[in-house]
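Colleague: The file below is model-v4.txt, compact mmCIF, C-alpha atoms:
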# COMPACT_ATOMS: atom_id res chain seq x y z
CA MET A 1 17.65 22.64 -15.08
CA LYS A 2 20.16 19.86 -14.47
CA GLY A 3 20.72 16.92 -16.77
CA LEU A 4 19.84 13.38 -15.73
CA GLN A 5 22.24 10.51 -15.08
CA ILE A 6 20.99 6.97 -15.55
CA GLY A 7 23.61 4.30 -14.97
CA GLY A 8 26.37 6.54 -16.29
CA LEU A 9 24.36 7.73 -19.28
CA ASN A 10 24.26 11.51 -19.53
CA ILE A 11 20.84 12.81 -20.53
CA PRO A 12 21.11 16.58 -21.16
CA VAL A 13 17.38 17.27 -20.78
CA PRO A 14 15.69 15.29 -17.97
CA ILE A 15 12.69 14.37 -20.10
CA ILE A 16 11.75 10.82 -21.04
CA GLN A 17 9.16 10.17 -23.69
CA GLY A 18 6.81 7.49 -22.40
CA GLY A 19 6.42 4.23 -24.28
CA MET A 20 3.02 4.09 -25.96
CA GLY A 21 1.59 1.09 -27.75
CA VAL A 22 0.33 -0.18 -30.02
CA GLY A 23 2.34 1.59 -32.72
CA ILE A 24 2.18 5.07 -31.14
CA SER A 25 5.81 5.48 -30.06
CA LEU A 26 8.16 3.76 -32.45
CA SER A 27 11.52 4.76 -33.91
CA LYS A 28 10.40 8.02 -35.54
CA LEU A 29 9.14 9.60 -32.32
CA ALA A 30 11.88 8.07 -30.16
CA ALA A 31 14.66 9.36 -32.40
CA ALA A 32 13.15 12.85 -32.52
CA VAL A 33 13.06 13.09 -28.71
CA ALA A 34 16.58 11.69 -28.40
CA ASN A 35 17.82 14.28 -30.90
CA GLU A 36 16.54 17.02 -28.58
CA GLY A 37 18.51 15.69 -25.61
CA GLY A 38 15.82 13.58 -23.94
CA VAL A 39 15.27 9.82 -23.89
CA GLY A 40 13.26 8.46 -26.79
CA VAL A 41 11.35 5.27 -26.04
CA ILE A 42 10.08 2.57 -28.39
CA SER A 43 7.06 0.60 -27.20
CA CYS A 44 7.34 -3.09 -28.09
CA ALA A 45 3.68 -3.82 -27.27
CA GLY A 46 1.89 -5.26 -30.27
CA LEU A 47 4.81 -5.01 -32.68
CA GLY A 48 3.77 -8.39 -33.99
CA LEU A 49 0.75 -6.68 -35.57
CA VAL A 50 2.75 -3.76 -36.93
CA TYR A 51 5.22 -6.24 -38.47
CA ARG A 52 2.80 -9.07 -39.17
CA ASP A 53 4.34 -9.74 -42.61
CA LYS A 54 7.91 -10.06 -41.31
CA ALA A 55 7.60 -13.55 -39.82
CA LYS A 56 5.44 -16.68 -39.79
CA ASN A 57 3.86 -16.05 -36.41
CA TYR A 58 2.97 -13.22 -34.04
CA LEU A 59 5.69 -13.86 -31.48
CA GLN A 60 8.48 -13.95 -34.06
CA SER A 61 7.06 -10.85 -35.73
CA ASN A 62 7.45 -9.05 -32.41
CA ILE A 63 11.13 -9.92 -32.30
CA GLU A 64 11.77 -8.90 -35.90
CA GLY A 65 9.77 -5.71 -35.42
CA LEU A 66 11.71 -4.69 -32.32
CA LYS A 67 15.04 -5.32 -34.03
CA ASN A 68 13.93 -3.18 -36.94
CA GLU A 69 12.67 -0.32 -34.79
CA ILE A 70 15.85 -0.16 -32.71
CA LYS A 71 17.93 -0.20 -35.91
CA LYS A 72 15.88 2.63 -37.47
CA ALA A 73 16.15 4.69 -34.31
CA ARG A 74 19.92 4.20 -34.20
CA GLU A 75 20.21 5.34 -37.80
CA ALA A 76 18.27 8.52 -37.02
CA THR A 77 19.95 9.62 -33.78
CA LYS A 78 23.07 9.45 -31.67
CA GLY A 79 20.98 10.14 -28.58
CA ILE A 80 19.59 7.86 -25.88
CA ILE A 81 17.08 5.22 -26.99
CA GLY A 82 15.05 3.08 -24.62
CA VAL A 83 12.48 0.32 -25.01
CA ASN A 84 9.32 -0.01 -22.93
CA ILE A 85 8.53 -3.65 -22.11
CA MET A 86 5.50 -4.67 -20.07
CA ALA A 87 6.20 -7.46 -17.60
CA ALA A 88 2.67 -8.68 -18.31
CA LEU A 89 3.56 -9.57 -21.91
CA THR A 90 3.64 -13.28 -22.60
CA ASN A 91 6.76 -12.68 -24.68
CA PHE A 92 8.41 -10.49 -22.02
CA GLU A 93 11.59 -12.57 -22.00
CA ASP A 94 11.94 -12.48 -25.80
CA MET A 95 11.55 -8.71 -25.81
CA VAL A 96 14.11 -8.26 -23.03
CA ARG A 97 16.66 -10.54 -24.69
CA THR A 98 16.18 -8.81 -28.03
CA THR A 99 16.53 -5.33 -26.52
CA ILE A 100 19.74 -6.27 -24.72
CA ALA A 101 21.18 -8.03 -27.77
CA GLU A 102 20.45 -4.98 -29.94
CA LYS A 103 22.18 -2.82 -27.32
CA ALA A 104 19.38 -0.36 -26.67
CA ASP A 105 20.41 2.07 -23.95
CA ILE A 106 17.62 1.48 -21.43
CA ILE A 107 14.80 -0.96 -20.69
CA PHE A 108 11.76 0.56 -18.99
CA ALA A 109 9.79 -2.33 -17.49
CA GLY A 110 6.35 -1.91 -15.94
CA ALA A 111 2.86 -3.47 -15.83
CA GLY A 112 4.03 -5.90 -13.20
CA LEU A 113 7.14 -6.36 -11.07
CA PRO A 114 10.14 -7.32 -13.26
CA LEU A 115 11.85 -9.21 -10.45
CA ASN A 116 14.11 -11.27 -12.72
CA LEU A 117 15.11 -8.53 -15.17
CA PRO A 118 18.86 -8.45 -14.30
CA SER A 119 19.13 -12.19 -15.03
CA PHE A 120 19.07 -11.42 -18.75
CA LEU A 121 22.19 -9.26 -18.70
CA LYS A 122 25.43 -10.63 -20.14
CA PRO A 123 28.98 -9.59 -19.20
CA ASP A 124 29.15 -7.33 -22.26
CA SER A 125 25.62 -5.88 -21.92
CA VAL A 126 25.28 -2.09 -22.04
CA THR A 127 21.53 -1.79 -21.46
CA ARG A 128 20.44 -0.04 -18.26
CA LEU A 129 17.44 -1.31 -16.32
CA VAL A 130 14.67 1.00 -15.10
CA PRO A 131 11.55 -0.49 -13.47
CA ILE A 132 8.25 1.39 -13.53
CA VAL A 133 6.49 1.31 -10.15
CA SER A 134 3.45 2.83 -8.49
CA SER A 135 4.57 2.75 -4.84
CA GLY A 136 7.56 2.97 -2.56
CA LYS A 137 6.84 -0.57 -1.41
CA ALA A 138 7.28 -1.89 -4.96
CA ALA A 139 10.56 0.03 -5.33
CA ARG A 140 11.87 -1.42 -2.06
CA LEU A 141 10.89 -4.96 -3.08
CA ILE A 142 12.65 -4.68 -6.44
CA CYS A 143 15.81 -3.21 -4.90
CA SER A 144 15.95 -5.93 -2.25
CA LYS A 145 15.31 -8.76 -4.72
CA TRP A 146 17.75 -7.52 -7.36
CA GLN A 147 20.52 -6.86 -4.86
CA ALA A 148 20.12 -10.22 -3.11
CA SER A 149 19.75 -12.32 -6.27
CA TYR A 150 21.88 -10.48 -8.83
CA ASN A 151 24.04 -7.98 -6.92
CA TYR A 152 22.45 -5.31 -9.10
CA LEU A 153 20.38 -2.27 -8.25
CA PRO A 154 18.05 -0.45 -10.65
CA ASP A 155 19.71 2.32 -12.65
CA ALA A 156 16.64 4.49 -12.00
CA PHE A 157 12.94 4.20 -11.21
CA VAL A 158 9.96 5.63 -13.02
CA VAL A 159 7.11 6.20 -10.59
CA GLU A 160 3.83 6.41 -12.47
CA GLY A 161 0.84 8.03 -10.83
CA PRO A 162 -2.88 7.48 -11.46
CA LYS A 163 -3.22 10.36 -13.95
CA ALA A 164 -1.31 8.45 -16.61
CA GLY A 165 -2.80 7.18 -19.84
CA GLY A 166 -3.30 3.53 -20.66
CA HIS A 167 -3.23 0.79 -18.06
CA LEU A 168 -2.94 1.97 -14.49
CA GLY A 169 -1.30 0.15 -11.59
CA PHE A 170 -4.03 1.16 -9.17
CA LYS A 171 -7.40 -0.09 -8.04
CA ARG A 172 -10.28 1.92 -9.41
CA GLU A 173 -11.05 3.52 -6.04
CA GLN A 174 -7.43 4.64 -5.65
CA ILE A 175 -7.34 6.65 -8.87
CA GLU A 176 -9.07 9.71 -7.37
CA ASP A 177 -7.68 9.19 -3.86
CA MET A 178 -5.16 11.95 -3.09
CA ASN A 179 -3.19 9.51 -0.95
CA TYR A 180 -2.14 7.86 -4.20
CA SER A 181 -1.41 11.06 -6.10
CA LEU A 182 1.93 11.48 -7.85
CA GLU A 183 2.76 14.24 -5.39
CA GLN A 184 2.52 11.67 -2.59
CA LEU A 185 4.13 8.79 -4.48
CA VAL A 186 7.32 10.56 -5.56
CA PRO A 187 8.56 11.43 -2.04
CA ASP A 188 7.59 7.91 -0.92
CA VAL A 189 9.71 6.27 -3.64
CA VAL A 190 12.56 8.74 -3.09
CA ARG A 191 12.65 7.80 0.62
CA GLU A 192 12.73 4.08 -0.11
CA VAL A 193 15.42 4.44 -2.77
CA LYS A 194 17.62 6.65 -0.58
CA PHE A 195 18.26 3.74 1.80
CA PHE A 196 19.75 1.65 -1.01
CA GLU A 197 21.65 4.59 -2.49
CA GLU A 198 23.39 5.23 0.82
CA LYS A 199 24.00 1.58 1.68
CA TYR A 200 25.43 0.57 -1.69
CA GLY A 201 26.81 3.88 -2.96
CA LYS A 202 24.81 3.97 -6.17
CA GLU A 203 22.70 6.85 -7.40
CA ILE A 204 19.18 5.74 -8.34
CA PRO A 205 17.27 8.73 -9.74
CA VAL A 206 13.50 8.77 -9.47
CA ILE A 207 11.58 9.89 -12.55
CA ALA A 208 7.98 11.08 -12.21
CA ALA A 209 5.24 10.13 -14.69
CA GLY A 210 1.49 10.41 -15.05
CA GLY A 211 -0.39 13.61 -15.85
CA ILE A 212 2.69 15.78 -16.42
CA TYR A 213 1.96 18.05 -19.36
CA ASP A 214 3.90 21.32 -19.19
CA GLY A 215 6.96 22.98 -17.67
CA ASN A 216 5.00 24.05 -14.62
CA ASP A 217 4.01 20.43 -13.90
CA MET A 218 7.61 19.42 -14.47
CA TYR A 219 9.00 21.96 -12.01
CA SER A 220 6.40 21.18 -9.35
CA ILE A 221 7.01 17.43 -9.30
CA MET A 222 10.79 17.80 -9.46
CA ALA A 223 10.53 20.02 -6.40
CA LYS A 224 9.15 16.90 -4.67
CA GLY A 225 12.38 15.02 -5.31
CA ALA A 226 12.08 13.67 -8.86
CA LYS A 227 15.25 14.03 -10.95
CA GLY A 228 13.36 13.92 -14.23
CA VAL A 229 9.95 13.40 -15.79
CA GLN A 230 8.30 11.04 -18.25
CA LEU A 231 5.58 12.28 -20.59
CA GLY A 232 3.50 10.33 -23.06
CA SER A 233 0.35 12.20 -24.08
CA ARG A 234 2.20 15.45 -24.77
CA PHE A 235 4.19 13.74 -27.53
CA VAL A 236 1.18 12.20 -29.29
CA THR A 237 0.23 15.45 -30.99
CA THR A 238 3.60 15.87 -32.67
CA VAL A 239 4.53 15.62 -36.31
CA GLU A 240 6.98 12.84 -35.50
CA CYS A 241 4.58 10.64 -33.50
CA ASP A 242 4.22 7.29 -35.27
CA ALA A 243 0.41 7.19 -34.94
CA SER A 244 -1.95 8.22 -37.73
CA ASP A 245 -3.23 11.77 -38.05
CA VAL A 246 -6.71 10.49 -37.19
CA PHE A 247 -5.41 9.17 -33.87
CA LYS A 248 -3.70 12.47 -33.08
CA GLN A 249 -6.90 14.35 -33.88
CA GLN A 250 -8.70 12.41 -31.15
CA TYR A 251 -6.55 14.26 -28.62
CA ILE A 252 -7.12 17.65 -30.20
CA ASP A 253 -10.89 17.14 -30.40
CA ALA A 254 -11.30 15.64 -26.91
CA SER A 255 -12.92 17.58 -24.09
CA GLU A 256 -11.89 17.11 -20.47
CA ASN A 257 -14.94 14.97 -19.58
CA GLU A 258 -14.32 12.65 -22.54
CA VAL A 259 -11.07 11.37 -20.99
CA GLU A 260 -12.42 8.55 -18.86
CA ILE A 261 -11.55 5.44 -16.89
CA ILE A 262 -12.42 2.15 -18.56
CA GLN A 263 -12.02 -1.48 -17.55
CA SER A 264 -9.49 -3.19 -19.80
CA PRO A 265 -9.82 -6.84 -20.88
CA VAL A 266 -6.46 -7.47 -19.20
CA GLY A 267 -8.09 -6.92 -15.80
CA MET A 268 -6.81 -3.43 -15.05
CA PRO A 269 -8.41 0.01 -15.14
CA GLY A 270 -7.17 2.24 -17.93
CA ARG A 271 -7.59 5.83 -19.08
CA ALA A 272 -8.79 6.50 -22.61
CA ILE A 273 -10.71 8.96 -24.74
CA GLY A 274 -14.32 7.84 -24.86
CA ASN A 275 -15.84 7.05 -28.25
CA ALA A 276 -18.49 4.91 -29.94
CA PHE A 277 -16.39 1.75 -29.63
CA ILE A 278 -16.11 2.14 -25.85
CA ASP A 279 -19.85 2.86 -25.68
CA LYS A 280 -20.58 -0.42 -27.47
CA VAL A 281 -18.37 -2.29 -25.00
CA LYS A 282 -20.34 -0.78 -22.12
CA GLN A 283 -23.54 -1.99 -23.80
CA GLY A 284 -22.28 -5.58 -23.83
CA LEU A 285 -20.34 -5.88 -27.08
CA LYS A 286 -18.70 -9.29 -27.34
CA MET A 287 -16.29 -9.68 -30.21
CA PRO A 288 -13.52 -12.28 -29.90
CA LYS A 289 -14.17 -15.99 -30.17
CA THR A 290 -10.57 -17.07 -30.45
CA CYS A 291 -7.24 -15.41 -29.70
CA PRO A 292 -4.40 -15.73 -32.22
CA PHE A 293 -2.00 -13.61 -30.15
CA HIS A 294 -2.25 -14.31 -26.39
CA CYS A 295 -0.15 -11.18 -25.92
CA ILE A 296 -0.98 -10.42 -22.26
CA LYS A 297 -0.65 -12.99 -19.49
CA THR A 298 -3.76 -11.77 -17.64
CA CYS A 299 -6.11 -11.59 -20.63
CA ASP A 300 -8.77 -14.34 -20.67
CA ILE A 301 -10.40 -14.58 -24.10
CA SER A 302 -13.47 -16.32 -22.63
CA LYS A 303 -14.21 -13.23 -20.54
CA SER A 304 -12.86 -10.47 -22.80
CA PRO A 305 -15.39 -8.26 -24.63
CA TYR A 306 -12.78 -7.45 -27.28
CA CYS A 307 -9.14 -8.01 -28.20
CA ILE A 308 -7.22 -5.09 -26.74
CA VAL A 309 -4.12 -5.37 -28.93
CA THR A 310 -6.31 -5.32 -32.05
CA ALA A 311 -8.36 -2.38 -30.76
CA LEU A 312 -5.25 -0.33 -30.00
CA TYR A 313 -3.65 -1.22 -33.33
CA ASN A 314 -6.84 -0.22 -35.16
CA ALA A 315 -6.83 3.13 -33.37
CA ALA A 316 -3.18 3.80 -34.16
CA LYS A 317 -3.98 3.27 -37.82
CA GLY A 318 -6.98 5.62 -37.65
CA ASN A 319 -9.75 3.01 -37.53
CA MET A 320 -11.58 4.49 -34.55
CA LYS A 321 -14.78 2.54 -35.25
CA ASN A 322 -12.94 -0.55 -34.10
CA GLY A 323 -10.65 0.88 -31.46
CA TYR A 324 -9.92 3.74 -29.10
CA ALA A 325 -7.10 5.97 -27.93
CA PHE A 326 -5.43 5.56 -24.56
CA ALA A 327 -4.61 9.00 -23.14
CA GLY A 328 -3.41 10.71 -19.98
CA THR A 329 -5.71 12.87 -17.90
CA ASN A 330 -4.42 16.10 -19.52
CA ALA A 331 -4.60 14.90 -23.12
CA PHE A 332 -7.54 17.23 -23.78
CA LYS A 333 -5.19 20.21 -23.45
CA ALA A 334 -3.78 19.52 -26.91
CA THR A 335 -4.89 22.14 -29.43
CA GLN A 336 -2.58 21.62 -32.40
CA ILE A 337 0.09 19.45 -33.98
CA SER A 338 3.60 20.58 -33.06
CA THR A 339 7.10 19.29 -33.70
CA VAL A 340 8.99 17.42 -31.01
CA LYS A 341 11.50 20.27 -30.95
CA GLU A 342 8.72 22.76 -30.20
CA VAL A 343 7.35 20.57 -27.41
CA MET A 344 10.75 20.07 -25.82
CA ASN A 345 11.53 23.78 -25.98
CA ASP A 346 8.15 24.64 -24.48
CA LEU A 347 8.71 22.23 -21.59
CA VAL A 348 12.19 23.56 -20.85
CA ASP A 349 11.12 27.20 -21.16
CA GLY A 350 8.12 26.60 -18.90
CA PHE A 351 10.32 24.89 -16.31
CA LYS A 352 12.84 27.74 -16.33
CA LYS A 353 10.11 30.36 -16.03
CA LYS A 354 8.59 28.59 -13.03
CA ALA A 355 12.03 28.21 -11.45
CA GLU A 356 12.74 31.92 -11.88
CA GLU A 357 9.37 32.80 -10.33
CA ALA A 358 10.08 30.55 -7.36
CA GLN A 359 13.54 32.06 -6.88
CA LEU A 360 12.14 35.59 -7.04
CA LYS A 361 9.51 34.67 -4.45
CA ILE A 362 12.21 33.40 -2.09
CA GLN A 363 14.26 36.55 -2.58
CA ASN A 364 11.23 38.73 -1.80
CA ILE A 365 10.54 36.78 1.38
CA LEU A 366 14.17 37.08 2.50
CA ALA A 367 14.17 40.79 1.69
Is it possible to give me this structure as structure tokens?
Modeller:
Amino acid sequence: MKGLQIGGLNIPVPIIQGGMGVGISLSKLAAAVANEGGVGVISCAGLGLVYRDKAKNYLQSNIEGLKNEIKKAREATKGIIGVNIMAALTNFEDMVRTTIAEKADIIFAGAGLPLNLPSFLKPDSVTRLVPIVSSGKAARLICSKWQASYNYLPDAFVVEGPKAGGHLGFKREQIEDMNYSLEQLVPDVVREVKFFEEKYGKEIPVIAAGGIYDGNDMYSIMAKGAKGVQLGSRFVTTVECDASDVFKQQYIDASENEVEIIQSPVGMPGRAIGNAFIDKVKQGLKMPKTCPFHCIKTCDISKSPYCIVTALYNAAKGNMKNGYAFAGTNAFKATQISTVKEVMNDLVDGFKKKAEEAQLKIQNILA
């Protein structure tokens, strides 16, 4: 297993912990992953709720919360710390500026095309920029736009397939279509990126995400051209995950058919663990009358059956009657709470075992 290079940053273990909001992946989980040689990622989604007492309003609480989480992560690790920022956030620019000012190592930006992301960099900025995409076309568009407008190419790409947890960048009918599988998407993005790598002499590694759960998954998708992987659900059932024990237990108790596709109030399909709250929504539950947050650009309170940031925050705190857990397609495989160190070791060991088996198979064929 080779390490991963992102914009000159050396990542010993090519594993990135996915950003999970609201309040699921904060400084505790991120630092633990970074300490094991991977990239730990803080999700800034909904931090204004987590830090609601730190400022006079929601937007300012987000800023103060992000500053605090980056500081706590820095105090707990010397490893690589990133921040996941959704382009769909109404306070996207504030979160980007704050992340760069606090000198986090990497911004992972998805849930929309972050076409202006390099414009926030200053001459002394150290933060690397990694867009999250769901197609080669999106990767090509971002490379072209960034190069033409800012003379800057992405430091890497995360390509997220339809088996991921949370909001998905696919139409509902595409989720089960094998033409949109991660195994198809990774080579597509790699091909598009290669053109820019060769033309401008910059390495742009492609990182695969969505449904990756063990070392076997990791080996298989890296054989398709990915230089690393991003996992979210696998890290939920760890001691260090910032979510409540009740939230983690949802994963352990879930069966395969309980992990389902829902329609989010923000206008996108999402994958979550079904529960009584989701059942009520299907039956016509209508909760919000006003919106004090306006956290997502595409969320229309007049048409929303519930406030998604509140529902996700409730779930993170263990209030499952008023929320639900986003989860990847393989979340049901969790059977116990482990440490981050145990998870990382299991992933690496599984990868190495699969690699040895593949090598032995080749040798037998040649013999």
Colleague: Can you tell me which residues surround Ala276 of chain A at a distance of at most 12 Å, considering all atoms listed in the file, apart from same-chain residues fewer than 4 positions away, and format the answer as a list in words?
Modeller: Glu258, Lys280, Val281, Lys282, Gln283, Leu285, Asn319, Met320, Lys321, Asn322, Gly323, Tyr324 and Ala325 of chain A
Colleague: Tell me, as JSON, numbers by chain, which residues lie within 10 Å of Ile63 of chain A, counting all atoms listed in the file; anything in the same chain fewer than 5 positions away does not count.
Modeller: {"A": [44, 47, 48, 51, 54, 55, 58, 68, 91, 94, 95, 96, 97, 98, 99]}
Colleague: Got time to write the residues from that selection, C-alpha atoms, as a PDB file, in the frame of the given file?
Modeller:
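In the end it all went to result16.pdb:
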ATOM      1  CA  CYS A  44       7.340  -3.090 -28.090  1.00  0.00           C
ATOM      2  CA  LEU A  47       4.810  -5.010 -32.680  1.00  0.00           C
ATOM      3  CA  GLY A  48       3.770  -8.390 -33.990  1.00  0.00           C
ATOM      4  CA  TYR A  51       5.220  -6.240 -38.470  1.00  0.00           C
ATOM      5  CA  LYS A  54       7.910 -10.060 -41.310  1.00  0.00           C
ATOM      6  CA  ALA A  55       7.600 -13.550 -39.820  1.00  0.00           C
ATOM      7  CA  TYR A  58       2.970 -13.220 -34.040  1.00  0.00           C
ATOM      8  CA  ASN A  68      13.930  -3.180 -36.940  1.00  0.00           C
ATOM      9  CA  ASN A  91       6.760 -12.680 -24.680  1.00  0.00           C
ATOM     10  CA  ASP A  94      11.940 -12.480 -25.800  1.00  0.00           C
ATOM     11  CA  MET A  95      11.550  -8.710 -25.810  1.00  0.00           C
ATOM     12  CA  VAL A  96      14.110  -8.260 -23.030  1.00  0.00           C
ATOM     13  CA  ARG A  97      16.660 -10.540 -24.690  1.00  0.00           C
ATOM     14  CA  THR A  98      16.180  -8.810 -28.030  1.00  0.00           C
ATOM     15  CA  THR A  99      16.530  -5.330 -26.520  1.00  0.00           C
TER      16      THR A  99
END
Colleague: Counting all atoms listed in the file, figure out which residue out of A:Ile175, A:Ile362, A:Leu312, A:Leu347 gets nearest to Ile16 of chain A.
Modeller: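 Smallest separation from Ile16 of chain A among the options: A:Leu347.
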Colleague: Which is closer to Phe157 of chain A than all the others in A:Ala254, A:Ala311, A:Ala226, A:Leu366, using only C-alpha atoms?
Modeller: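 Closest to Phe157 of chain A, using only C-alpha atoms: A:Ala226.
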Colleague: Got a sec: who's within 10 Å of Met86 of chain A, counting only C-alpha atoms, leaving out chain neighbours fewer than 3 positions off, as a CSV table (one decimal) with C-alpha atoms, in the coordinates of the input?
Modeller:
chain,number,residue,atom,x,y,z
A,19,GLY,CA,6.4,4.2,-24.3
A,43,SER,CA,7.1,0.6,-27.2
A,44,CYS,CA,7.3,-3.1,-28.1
A,45,ALA,CA,3.7,-3.8,-27.3
A,83,VAL,CA,12.5,0.3,-25.0
A,89,LEU,CA,3.6,-9.6,-21.9
A,90,THR,CA,3.6,-13.3,-22.6
A,91,ASN,CA,6.8,-12.7,-24.7
A,92,PHE,CA,8.4,-10.5,-22.0
A,95,MET,CA,11.6,-8.7,-25.8
A,96,VAL,CA,14.1,-8.3,-23.0
A,108,PHE,CA,11.8,0.6,-19.0
A,109,ALA,CA,9.8,-2.3,-17.5
A,110,GLY,CA,6.4,-1.9,-15.9
A,111,ALA,CA,2.9,-3.5,-15.8
A,112,GLY,CA,4.0,-5.9,-13.2
A,113,LEU,CA,7.1,-6.4,-11.1
A,114,PRO,CA,10.1,-7.3,-13.3
A,131,PRO,CA,11.6,-0.5,-13.5
A,132,ILE,CA,8.2,1.4,-13.5
A,296,ILE,CA,-1.0,-10.4,-22.3
Colleague: For atom CA of Ala73 of chain A and atom CA of Gly161 of chain A, quote the distance in Å rounded to one decimal.
Modeller: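 So the answer is 28.2 Å.
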Colleague: What is the distance, in Å and to one decimal place, between atom CA of Val33 of chain A and atom CA of Ile106 of chain A?
Modeller: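 Atom-to-atom, atom CA of Val33 of chain A and atom CA of Ile106 of chain A are spaced 14.4 Å apart.
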Colleague: Taking into account all atoms listed in the file, which residue in the set A:Ala156, A:Ile221, A:Gly136, A:Ala32 is nearest to Leu185 of chain A?
Modeller: A:Gly136
